[in-house]
file upload39.cif (mmCIF, C-alpha atoms)
data_my_file
#
loop_
_atom_site.label_atom_id
_atom_site.label_comp_id
_atom_site.auth_asym_id
_atom_site.auth_seq_id
_atom_site.Cartn_x
_atom_site.Cartn_y
_atom_site.Cartn_z
CA MET A 17 194.26 22.53 65.87
CA LYS A 18 190.73 21.55 64.80
CA ILE A 19 189.03 24.37 62.90
CA VAL A 20 185.44 24.30 61.67
CA PHE A 21 183.63 26.79 59.42
CA ASP A 22 179.85 26.76 59.78
CA HIS A 23 177.01 26.58 57.28
CA GLN A 24 175.57 30.08 57.22
CA ILE A 25 177.04 31.77 54.16
CA PHE A 26 176.85 28.66 52.00
CA LEU A 27 173.05 28.71 52.11
CA LEU A 28 172.94 32.46 51.43
CA GLN A 29 175.27 32.67 48.42
CA ARG A 30 175.49 30.65 45.23
CA TYR A 31 178.47 32.77 44.27
CA GLY A 32 179.89 35.72 46.18
CA GLY A 33 182.91 37.24 47.83
CA ILE A 34 182.22 36.01 51.36
CA SER A 35 181.69 32.36 50.44
CA ARG A 36 184.74 32.46 48.21
CA TYR A 37 186.78 33.93 51.07
CA PHE A 38 185.90 31.04 53.36
CA CYS A 39 186.56 28.35 50.75
CA GLU A 40 189.95 29.90 49.95
CA LEU A 41 190.78 30.34 53.64
CA ALA A 42 189.84 26.75 54.49
CA THR A 43 191.87 25.39 51.57
CA GLN A 44 194.98 27.36 52.52
CA LEU A 45 194.70 26.52 56.25
CA ALA A 46 194.37 22.82 55.44
CA LYS A 47 197.82 22.90 53.83
CA ASN A 48 199.22 23.64 57.30
CA GLN A 49 200.12 20.35 58.98
CA GLU A 50 199.14 21.85 62.34
CA CYS A 51 195.53 22.24 61.19
CA LYS A 52 192.61 19.91 60.69
CA VAL A 53 190.03 21.93 58.79
CA GLY A 54 186.36 21.23 58.17
CA ILE A 55 183.36 22.95 56.61
CA VAL A 56 179.97 21.80 57.94
CA ALA A 57 177.09 22.88 55.69
CA PRO A 58 174.61 19.97 55.50
CA LEU A 59 172.37 21.81 53.01
CA HIS A 60 173.77 24.51 50.75
CA ILE A 61 173.50 26.22 47.35
CA ASN A 62 177.12 27.35 46.99
CA GLU A 63 179.09 26.56 43.83
CA TYR A 64 182.51 27.19 45.39
CA LEU A 65 181.77 24.67 48.14
CA ARG A 66 180.83 22.07 45.54
CA GLU A 67 184.39 22.26 44.24
CA SER A 68 186.00 21.99 47.68
CA GLY A 69 187.48 18.73 48.83
CA PRO A 70 190.68 17.25 50.27
CA PRO A 71 192.52 18.38 52.29
CA VAL A 72 189.42 20.17 53.67
CA ASN A 73 186.89 17.86 55.33
CA VAL A 74 183.62 19.00 53.74
CA ILE A 75 180.32 17.82 55.18
CA ALA A 76 177.87 19.34 52.72
CA GLY A 77 174.86 18.51 50.59
CA TYR A 78 174.17 20.64 47.52
CA ILE A 79 170.48 21.41 47.01
CA GLY A 80 170.75 24.02 44.26
CA ASN A 81 168.11 26.70 43.86
CA VAL A 82 165.09 24.53 44.53
CA PRO A 83 162.10 26.88 45.00
CA LYS A 84 160.69 27.39 48.51
CA THR A 85 163.33 25.25 50.24
CA ARG A 86 165.61 27.94 51.68
CA ARG A 87 163.72 28.45 54.94
CA ILE A 88 163.36 24.71 55.56
CA ALA A 89 167.05 24.20 54.79
CA ALA A 90 167.99 26.99 57.20
CA VAL A 91 166.12 25.30 60.06
CA ALA A 92 167.63 21.91 59.21
CA ASN A 93 171.11 23.38 59.01
CA ARG A 94 170.78 25.15 62.33
CA ARG A 95 170.04 21.88 64.08
CA LEU A 96 172.10 19.37 62.13
CA ALA A 97 175.19 21.49 61.57
CA GLU A 98 175.46 22.51 65.21
CA PHE A 99 175.12 18.87 66.29
CA LEU A 100 177.86 17.79 63.87
CA ILE A 101 180.14 20.65 64.90
CA SER A 102 179.73 19.98 68.62
CA SER A 103 180.26 16.23 68.12
CA ASP A 104 183.65 16.91 66.51
CA SER A 105 184.88 18.93 69.55
CA PRO A 106 186.71 21.61 67.53
CA ASP A 107 189.16 24.10 68.99
CA ILE A 108 187.96 26.97 66.76
CA VAL A 109 184.51 27.57 65.31
CA HIS A 110 184.70 30.30 62.69
CA ARG A 111 181.21 31.71 62.06
CA THR A 112 180.60 32.67 58.44
CA TYR A 113 177.74 35.12 59.07
CA TYR A 114 175.70 36.79 61.81
CA ASP A 115 173.08 34.36 63.14
CA SER A 116 173.19 35.25 66.84
CA SER A 117 170.83 32.39 67.77
CA LEU A 118 173.49 29.73 67.17
CA PRO A 119 174.67 28.19 70.46
CA LYS A 120 178.26 28.44 71.59
CA VAL A 121 180.20 25.20 71.15
CA LYS A 122 181.52 24.30 74.60
CA SER A 123 184.85 22.90 73.45
CA ALA A 124 185.67 25.81 71.16
CA ARG A 125 186.58 29.44 70.89
CA THR A 126 184.39 31.40 68.49
CA VAL A 127 185.80 33.67 65.80
CA ILE A 128 183.68 35.82 63.49
CA THR A 129 184.61 37.94 60.48
CA VAL A 130 183.07 41.36 59.92
CA TYR A 131 183.23 42.31 56.25
CA ASP A 132 181.83 45.84 56.40
CA MET A 133 179.48 48.15 58.30
CA ILE A 134 177.46 49.17 55.26
CA HIS A 135 174.02 48.63 56.80
CA GLU A 136 174.97 50.66 59.85
CA ARG A 137 177.00 53.38 58.11
CA LEU A 138 174.84 53.95 55.02
CA GLN A 139 171.30 53.35 56.22
CA PRO A 140 169.66 55.73 53.69
CA PHE A 141 171.06 53.60 50.85
CA MET A 142 169.97 50.30 52.36
CA GLU A 143 166.18 50.50 52.09
CA GLY A 144 164.90 47.18 50.80
CA ALA A 145 168.22 45.44 51.44
CA GLU A 146 168.44 42.47 53.75
CA ASP A 147 169.69 43.56 57.16
CA ALA A 148 172.48 41.70 58.90
CA VAL A 149 170.10 40.43 61.59
CA GLY A 150 171.73 39.81 64.92
CA LYS A 151 175.07 41.20 63.79
CA ARG A 152 175.71 43.20 66.95
CA ALA A 153 174.83 40.23 69.17
CA ALA A 154 176.88 37.77 67.10
CA VAL A 155 179.92 40.03 67.24
CA ALA A 156 179.52 40.56 71.00
CA ALA A 157 179.27 36.80 71.60
CA ALA A 158 182.45 35.96 69.66
CA ASP A 159 185.77 35.47 71.42
CA HIS A 160 187.57 37.33 68.64
CA VAL A 161 186.61 39.42 65.63
CA ILE A 162 188.46 39.62 62.32
CA CYS A 163 187.91 42.71 60.15
CA ILE A 164 188.98 42.69 56.51
CA SER A 165 190.27 46.29 56.56
CA GLU A 166 191.29 49.02 58.98
CA SER A 167 188.34 51.03 57.72
CA THR A 168 185.93 48.28 58.79
CA ARG A 169 187.69 47.98 62.16
CA ARG A 170 187.32 51.71 62.81
CA ASP A 171 183.63 51.63 61.90
CA LEU A 172 183.04 48.57 64.09
CA VAL A 173 184.64 50.22 67.10
CA GLU A 174 182.81 53.50 66.55
CA ILE A 175 179.35 52.05 65.88
CA PHE A 176 179.27 48.95 68.11
CA GLY A 177 181.75 50.07 70.76
CA ILE A 178 183.69 46.78 70.55
CA ASP A 179 186.86 46.51 72.63
CA GLN A 180 189.77 47.05 70.24
CA SER A 181 191.81 44.30 71.91
CA LYS A 182 189.19 41.83 70.64
CA ILE A 183 189.70 42.83 66.99
CA SER A 184 192.34 42.00 64.39
CA VAL A 185 192.64 43.08 60.76
CA VAL A 186 193.41 40.52 58.06
CA TYR A 187 193.32 41.56 54.42
CA LEU A 188 191.69 39.33 51.85
CA GLY A 189 193.54 37.72 48.97
CA PHE A 190 192.51 37.37 45.37
CA ASP A 191 193.07 34.85 42.61
CA LEU A 192 192.30 35.09 38.90
CA MET A 193 193.71 32.44 36.60
CA PRO A 194 195.21 33.35 33.21
CA VAL A 195 192.79 34.10 30.40
CA SER A 196 192.10 31.49 27.74
CA ASP A 197 192.96 32.88 24.30
CA GLU A 198 190.20 30.72 22.84
CA LEU A 199 187.43 32.52 24.74
CA THR A 200 185.60 35.18 22.72
CA LEU A 201 183.24 37.68 24.32
CA GLY A 202 180.99 38.33 21.36
CA ILE A 203 180.88 42.10 21.98
CA SER A 204 181.76 44.99 19.68
CA THR A 205 185.37 45.98 19.18
CA ARG A 206 184.64 49.54 20.39
CA ALA A 207 186.75 50.45 23.44
CA TYR A 208 184.93 50.21 26.76
CA ILE A 209 184.91 51.28 30.39
CA LEU A 210 184.36 48.27 32.68
CA TYR A 211 182.09 48.16 35.73
CA VAL A 212 181.75 44.98 37.87
CA GLY A 213 179.10 43.91 40.40
CA GLN A 214 175.78 45.09 41.79
CA ARG A 215 174.60 48.51 40.64
CA TRP A 216 172.15 49.81 43.25
CA GLY A 217 172.42 52.39 46.00
CA TYR A 218 175.85 53.02 47.46
CA LYS A 219 177.51 51.19 44.54
CA ASN A 220 177.00 54.53 42.75
CA PHE A 221 176.46 53.16 39.24
CA ASP A 222 174.14 56.09 38.55
CA GLY A 223 177.09 58.38 39.33
CA LEU A 224 179.15 56.62 36.67
CA LEU A 225 176.32 56.99 34.15
CA SER A 226 176.05 60.72 34.88
CA ALA A 227 179.80 61.21 34.57
CA TYR A 228 179.85 59.28 31.28
CA ALA A 229 176.88 61.18 29.87
CA SER A 230 178.44 64.55 30.71
CA SER A 231 181.58 63.83 28.67
CA PRO A 232 181.42 64.13 24.85
CA ARG A 233 184.89 62.54 24.74
CA LEU A 234 183.73 59.42 26.60
CA ARG A 235 180.42 59.08 24.74
CA GLU A 236 182.15 59.37 21.37
CA ASN A 237 184.92 56.87 21.98
CA PHE A 238 183.84 54.40 24.67
CA ASP A 239 181.01 52.12 25.70
CA VAL A 240 180.24 51.07 29.30
CA ILE A 241 180.23 47.33 29.92
CA CYS A 242 178.75 46.03 33.20
CA PHE A 243 179.61 42.54 34.38
CA GLY A 244 177.28 40.75 36.80
CA GLY A 245 174.50 42.37 38.79
CA GLY A 246 171.76 41.01 36.55
CA PRO A 247 170.29 42.51 33.36
CA LEU A 248 169.73 46.25 33.18
CA SER A 249 166.41 47.08 34.82
CA GLY A 250 163.63 49.09 33.22
CA LYS A 251 164.49 52.05 35.43
CA GLU A 252 168.17 51.85 34.47
CA LYS A 253 167.27 51.80 30.78
CA SER A 254 164.97 54.77 31.31
CA ASP A 255 167.69 56.68 33.19
CA ILE A 256 170.19 55.93 30.43
CA ALA A 257 167.78 57.29 27.81
CA LYS A 258 167.05 60.42 29.89
CA LEU A 259 170.78 61.11 30.11
CA GLY A 260 170.95 61.15 26.30
CA ILE A 261 173.22 58.11 26.10
CA ARG A 262 172.85 56.34 22.76
CA GLU A 263 171.17 52.94 22.63
CA HIS A 264 173.45 49.95 23.35
CA ALA A 265 176.30 52.16 24.62
CA VAL A 266 175.70 50.72 28.11
CA ARG A 267 175.44 46.93 28.20
CA GLN A 268 175.34 44.21 30.82
CA ILE A 269 177.15 40.89 30.47
CA GLY A 270 176.96 37.87 32.75
CA GLY A 271 178.94 34.66 32.78
CA SER A 272 181.81 32.77 34.32
CA ASP A 273 185.05 33.95 35.88
CA GLY A 274 186.59 33.29 32.46
CA VAL A 275 184.36 35.95 30.90
CA LEU A 276 185.26 38.41 33.66
CA ARG A 277 188.97 37.80 33.15
CA LYS A 278 188.65 38.49 29.46
CA LEU A 279 186.74 41.70 30.18
CA TYR A 280 189.47 42.92 32.53
CA GLN A 281 192.13 42.07 29.96
CA GLN A 282 190.46 44.02 27.14
CA ALA A 283 189.01 47.00 29.04
CA ALA A 284 190.43 50.47 28.53
CA ILE A 285 189.83 51.29 32.20
CA PHE A 286 188.09 49.83 35.25
CA VAL A 287 185.85 52.15 37.27
CA TYR A 288 184.82 51.26 40.83
CA PRO A 289 182.60 54.18 41.90
CA SER A 290 181.27 52.61 45.15
CA LEU A 291 180.79 54.99 48.07
CA TYR A 292 181.66 52.34 50.69
CA GLU A 293 183.47 48.99 50.65
CA GLY A 294 184.69 46.78 53.45
CA PHE A 295 187.59 45.76 51.23
CA GLY A 296 186.99 45.62 47.47
CA ILE A 297 188.57 42.78 45.49
CA PRO A 298 187.61 43.91 41.94
CA PRO A 299 190.23 46.70 41.78
CA LEU A 300 192.93 44.15 42.62
CA GLU A 301 191.57 41.82 39.96
CA ALA A 302 191.75 44.66 37.42
CA MET A 303 195.33 45.44 38.42
CA SER A 304 196.29 41.80 37.86
CA PHE A 305 195.37 42.30 34.19
CA ASP A 306 197.15 45.65 33.86
CA CYS A 307 193.81 47.44 33.67
CA PRO A 308 194.06 50.98 35.14
CA VAL A 309 191.70 51.67 38.06
CA VAL A 310 189.56 54.67 39.00
CA CYS A 311 187.84 54.56 42.41
CA CYS A 312 186.45 56.74 45.16
CA ALA A 313 188.77 57.90 47.96
CA VAL A 314 186.51 56.60 50.76
CA SER A 315 186.26 53.78 53.33
CA SER A 316 188.77 50.98 52.67
CA MET A 317 189.69 51.89 49.12
CA PRO A 318 192.79 54.03 49.78
CA GLU A 319 194.30 51.34 52.03
CA VAL A 320 193.58 48.60 49.46
CA VAL A 321 194.69 50.28 46.24
CA GLY A 322 197.32 52.62 47.70
CA ASN A 323 198.78 54.81 44.95
CA ALA A 324 197.78 52.36 42.20
CA ALA A 325 194.51 54.09 41.28
CA SER A 326 193.18 57.46 40.20
CA PHE A 327 190.81 58.77 42.88
CA PHE A 328 187.70 60.91 42.62
CA GLU A 329 185.77 62.84 45.26
CA ALA A 330 182.69 61.12 46.72
CA GLY A 331 179.41 62.58 45.50
CA ASN A 332 181.11 64.63 42.79
CA ASN A 333 180.31 63.32 39.31
CA ASP A 334 182.47 66.01 37.69
CA SER A 335 185.40 64.68 39.71
CA LEU A 336 184.59 61.15 38.57
CA ARG A 337 184.43 62.22 34.92
CA ALA A 338 187.74 64.08 35.25
CA ALA A 339 189.45 61.09 36.88
CA ILE A 340 188.34 58.79 34.04
CA GLU A 341 189.36 61.23 31.32
CA ARG A 342 192.70 61.89 32.99
CA VAL A 343 193.66 58.19 32.95
CA LEU A 344 192.44 57.66 29.38
CA ASP A 345 194.19 60.78 28.05
CA ASP A 346 197.54 60.51 29.85
CA SER A 347 199.61 57.53 28.68
CA THR A 348 202.32 58.24 31.26
CA LEU A 349 199.76 58.13 34.08
CA ARG A 350 198.29 54.89 32.69
CA LEU A 351 201.69 53.20 32.62
CA ASN A 352 202.47 54.43 36.14
CA LEU A 353 199.16 53.07 37.49
CA ILE A 354 199.85 49.71 35.85
CA LYS A 355 203.34 49.62 37.37
CA GLN A 356 202.05 50.61 40.82
CA GLY A 357 199.26 48.03 40.51
CA ARG A 358 201.72 45.19 39.91
CA ALA A 359 203.61 46.20 43.04
CA ARG A 360 200.41 46.57 45.07
CA LEU A 361 199.27 43.03 44.29
CA LYS A 362 202.22 41.58 46.19
CA LEU A 363 200.57 42.65 49.47
CA PHE A 364 197.51 40.44 48.97
CA SER A 365 197.28 36.65 48.71
CA TRP A 366 195.12 33.89 50.14
CA GLN A 367 198.26 32.27 51.56
CA ARG A 368 199.03 35.41 53.56
CA CYS A 369 195.39 35.73 54.62
CA ALA A 370 195.44 32.14 55.94
CA MET A 371 198.79 32.54 57.72
CA GLU A 372 197.66 35.66 59.57
CA THR A 373 194.30 34.07 60.44
CA PHE A 374 196.06 31.00 61.85
CA LYS A 375 198.19 33.22 64.11
CA ILE A 376 194.97 34.80 65.43
CA TYR A 377 193.54 31.35 66.19
CA GLN A 378 196.71 30.52 68.12
CA ARG A 379 196.41 33.71 70.19
CA VAL A 380 192.74 33.09 70.89
CA LEU A 381 193.52 29.61 72.23
CA THR A 382 196.26 30.72 74.59
#
call {"tool": "encode", "arguments": {"input": "upload39.cif", "output": "structure tokens"}}
result
Amino acid sequence: MKIVFDHQIFLLQRYGGISRYFCELATQLAKNQECKVGIVAPLHINEYLRESGPPVNVIAGYIGNVPKTRRIAAVANRRLAEFLISSDSPDIVHRTYYDSSLPKVKSARTVITVYDMIHERLQPFMEGAEDAVGKRAAVAAADHVICISESTRRDLVEIFGIDQSKISVVYLGFDLMPVSDELTLGISTRAYILYVGQRWGYKNFDGLLSAYASSPRLRENFDVICFGGGPLSGKEKSDIAKLGIREHAVRQIGGSDGVLRKLYQQAAIFVYPSLYEGFGIPPLEAMSFDCPVVCCAVSSMPEVVGNAASFFEAGNNDSLRAAIERVLDDSTLRLNLIKQGRARLKLFSWQRCAMETFKIYQRVLT
């Protein structure tokens, strides 16, 4: 079976969950002797793709973040990548994003992955965010659609009216290597609550700040460390000051996966307050380091974390504060969440993701 992944996401993301998903999926599929796997991204900015190689056939040219080249690269990719893909006569073309203008490859069946329905479900939160242009058309044109959670599948059926027989659910995997004991973070030894990722809109970081500020117990004994998402903005700093949170109690840290691993390992608790996720890998990453998880009981989160997290009610900052305090104050609950987390992790791996995806390809070709 000849499988090709296209260029789209690799020009959109330098790092990111979607591009990592496709690199991991391609690598695992290529271990199957029944598969010949390729990634065609003539011009890209993606760091994960730079590291990809045998047994995946990678046709890719790294251009980095050269200013004012993205639009030119997109046009070049659209023409060159589609020519290279068609010339190889693949059996499966797996589209990595939602460009509905890409032509169908005559020799192949088209598969597309839908990661979430955030733009459609949470429109009030998405002002200023880049829309998934052509998503409805791209999904309609595909021979089969993979959703990364049952929650996403339900939203896709409800909002787009897609035939359920055309949709399958395949959970993502995750992979964090062991922490290096030699790595030091250079942060204070004060205990901290960990937050990971972007902080705007539906990610509900402002809800976490409000919950933290309302708790004398948390303010006295814990800092809030944010990983990724860029430096704290002027508005965020202003909001933090208005909430009466002391200076430097909320800090942002960037860096490599190694830094993130160390943060998970040393955190008192991991809080994932997002109001919608198509899947949500960070809670699984936290569990892999025995870091107790607090998250919102919405969208895909209950099906991902199961009983291995303490839940709070969406839109209720008092509920969020109580959930955090409950985990930090109750050692028996903490140990139980850690135990349940270790068991939960066994359900998710990139090997399993690839195996189930391969079975879908087989069905699509019959």
call {"tool": "closest_residue", "arguments": {"input": "upload39.cif", "among": "A:Ser272, A:Thr129, A:Gln29, A:Ser184", "to": "Ile376 in chain A", "atoms": "only C-alpha atoms"}}
result
A:Ser184
call {"tool": "closest_atom_pairs", "arguments": {"input": "upload39.cif", "of": "range 201-280 of chain A", "to": "range 338-348 of chain A", "cutoff": "9 Å", "atoms": "all atoms listed in the file", "output": "tab-separated table"}}
result
residue	atom	partner	partner_atom	distance
A:Ala227	CA	A:Ala338	CA	8.5
A:Tyr228	CA	A:Ile340	CA	8.9
A:Ser231	CA	A:Glu341	CA	8.6
A:Arg233	CA	A:Glu341	CA	8.1
A:Leu234	CA	A:Glu341	CA	7.6
call {"tool": "closest_residue", "arguments": {"input": "upload39.cif", "among": "A:Leu188, A:Ile134, A:Ile261, A:Ala359", "to": "Ile175 in chain A", "atoms": "all atoms listed in the file"}}
result
A:Ile134
call {"tool": "residues_near_point", "arguments": {"input": "upload39.cif", "point": "(171.1, 19.6, 44.1)", "cutoff": "10 Å", "atoms": "only C-alpha atoms", "output": "number ranges by chain"}}
result
A: 59-61, 77-82
call {"tool": "resolve_selection", "arguments": {"input": "upload39.cif", "expression": "the PyMOL selection byres ((chain A and resi 369) around 10)", "output": "short mmCIF file (atom, residue, chain, number, x, y, z; two decimals) with C-alpha atoms, keeping the file's coordinate frame"}}
result
data_model
loop_
_atom_site.label_atom_id
_atom_site.label_comp_id
_atom_site.auth_asym_id
_atom_site.auth_seq_id
_atom_site.Cartn_x
_atom_site.Cartn_y
_atom_site.Cartn_z
CA TYR A 37 186.78 33.93 51.07
CA GLU A 40 189.95 29.90 49.95
CA LEU A 41 190.78 30.34 53.64
CA GLN A 44 194.98 27.36 52.52
CA LEU A 45 194.70 26.52 56.25
CA ILE A 164 188.98 42.69 56.51
CA VAL A 185 192.64 43.08 60.76
CA VAL A 186 193.41 40.52 58.06
CA TYR A 187 193.32 41.56 54.42
CA LEU A 188 191.69 39.33 51.85
CA GLY A 189 193.54 37.72 48.97
CA PHE A 190 192.51 37.37 45.37
CA PHE A 364 197.51 40.44 48.97
CA SER A 365 197.28 36.65 48.71
CA TRP A 366 195.12 33.89 50.14
CA GLN A 367 198.26 32.27 51.56
CA ARG A 368 199.03 35.41 53.56
CA ALA A 370 195.44 32.14 55.94
CA MET A 371 198.79 32.54 57.72
CA GLU A 372 197.66 35.66 59.57
CA THR A 373 194.30 34.07 60.44
CA PHE A 374 196.06 31.00 61.85
#
call {"tool": "resolve_selection", "arguments": {"input": "upload39.cif", "expression": "the PyMOL selection byres ((chain A and resi 167) around 8)", "output": "ChimeraX atom specification"}}
result
/A:165-166,168-171,294,315-316
call {"tool": "closest_residue", "arguments": {"input": "upload39.cif", "among": "A:Leu100, A:Ala89, A:Ala283, A:Leu224", "to": "Ile256 in chain A", "atoms": "all atoms listed in the file"}}
result
A:Leu224
call {"tool": "atom_distance", "arguments": {"input": "upload39.cif", "atom1": "CA of Cys312 in chain A", "atom2": "CA of Ala324 in chain A"}}
result
12.5 Å
call {"tool": "residues_around", "arguments": {"input": "upload39.cif", "residues": "Ser254 in chain A", "least_positions_apart": "6", "cutoff": "12 Å", "atoms": "all atoms listed in the file", "output": "list in words"}}
result
Asp222, Leu225, Leu248, Gly260, Ile261, Arg262, Glu263 and Val266 of chain A
call {"tool": "resolve_selection", "arguments": {"input": "upload39.cif", "expression": "the PyMOL selection byres ((chain A and resi 97) around 7)", "output": "list in words"}}
result
His23, Val56, Ala57, Pro58, Asn93, Arg94, Arg95, Leu96, Glu98, Phe99, Leu100 and Ile101 of chain A
call {"tool": "write_last_selection", "arguments": {"input": "upload39.cif", "atoms": "C-alpha atoms", "output": "PDB file, in the frame of the given file"}}
result
ATOM      1  CA  HIS A  23     177.010  26.580  57.280  1.00  0.00           C
ATOM      2  CA  VAL A  56     179.970  21.800  57.940  1.00  0.00           C
ATOM      3  CA  ALA A  57     177.090  22.880  55.690  1.00  0.00           C
ATOM      4  CA  PRO A  58     174.610  19.970  55.500  1.00  0.00           C
ATOM      5  CA  ASN A  93     171.110  23.380  59.010  1.00  0.00           C
ATOM      6  CA  ARG A  94     170.780  25.150  62.330  1.00  0.00           C
ATOM      7  CA  ARG A  95     170.040  21.880  64.080  1.00  0.00           C
ATOM      8  CA  LEU A  96     172.100  19.370  62.130  1.00  0.00           C
ATOM      9  CA  GLU A  98     175.460  22.510  65.210  1.00  0.00           C
ATOM     10  CA  PHE A  99     175.120  18.870  66.290  1.00  0.00           C
ATOM     11  CA  LEU A 100     177.860  17.790  63.870  1.00  0.00           C
ATOM     12  CA  ILE A 101     180.140  20.650  64.900  1.00  0.00           C
TER      13      ILE A 101
END
call {"tool": "closest_residue", "arguments": {"input": "upload39.cif", "among": "A:Val161, A:Leu291, A:Val310, A:Ala325", "to": "Trp216 in chain A", "atoms": "only C-alpha atoms"}}
result
A:Leu291
call {"tool": "residues_near_point", "arguments": {"input": "upload39.cif", "point": "(179.1, 34.4, 58.9)", "cutoff": "6 Å", "atoms": "all atoms listed in the file", "output": "list in words"}}
result
Gln24, Ile25, Arg111, Thr112, Tyr113 and Tyr114 of chain A
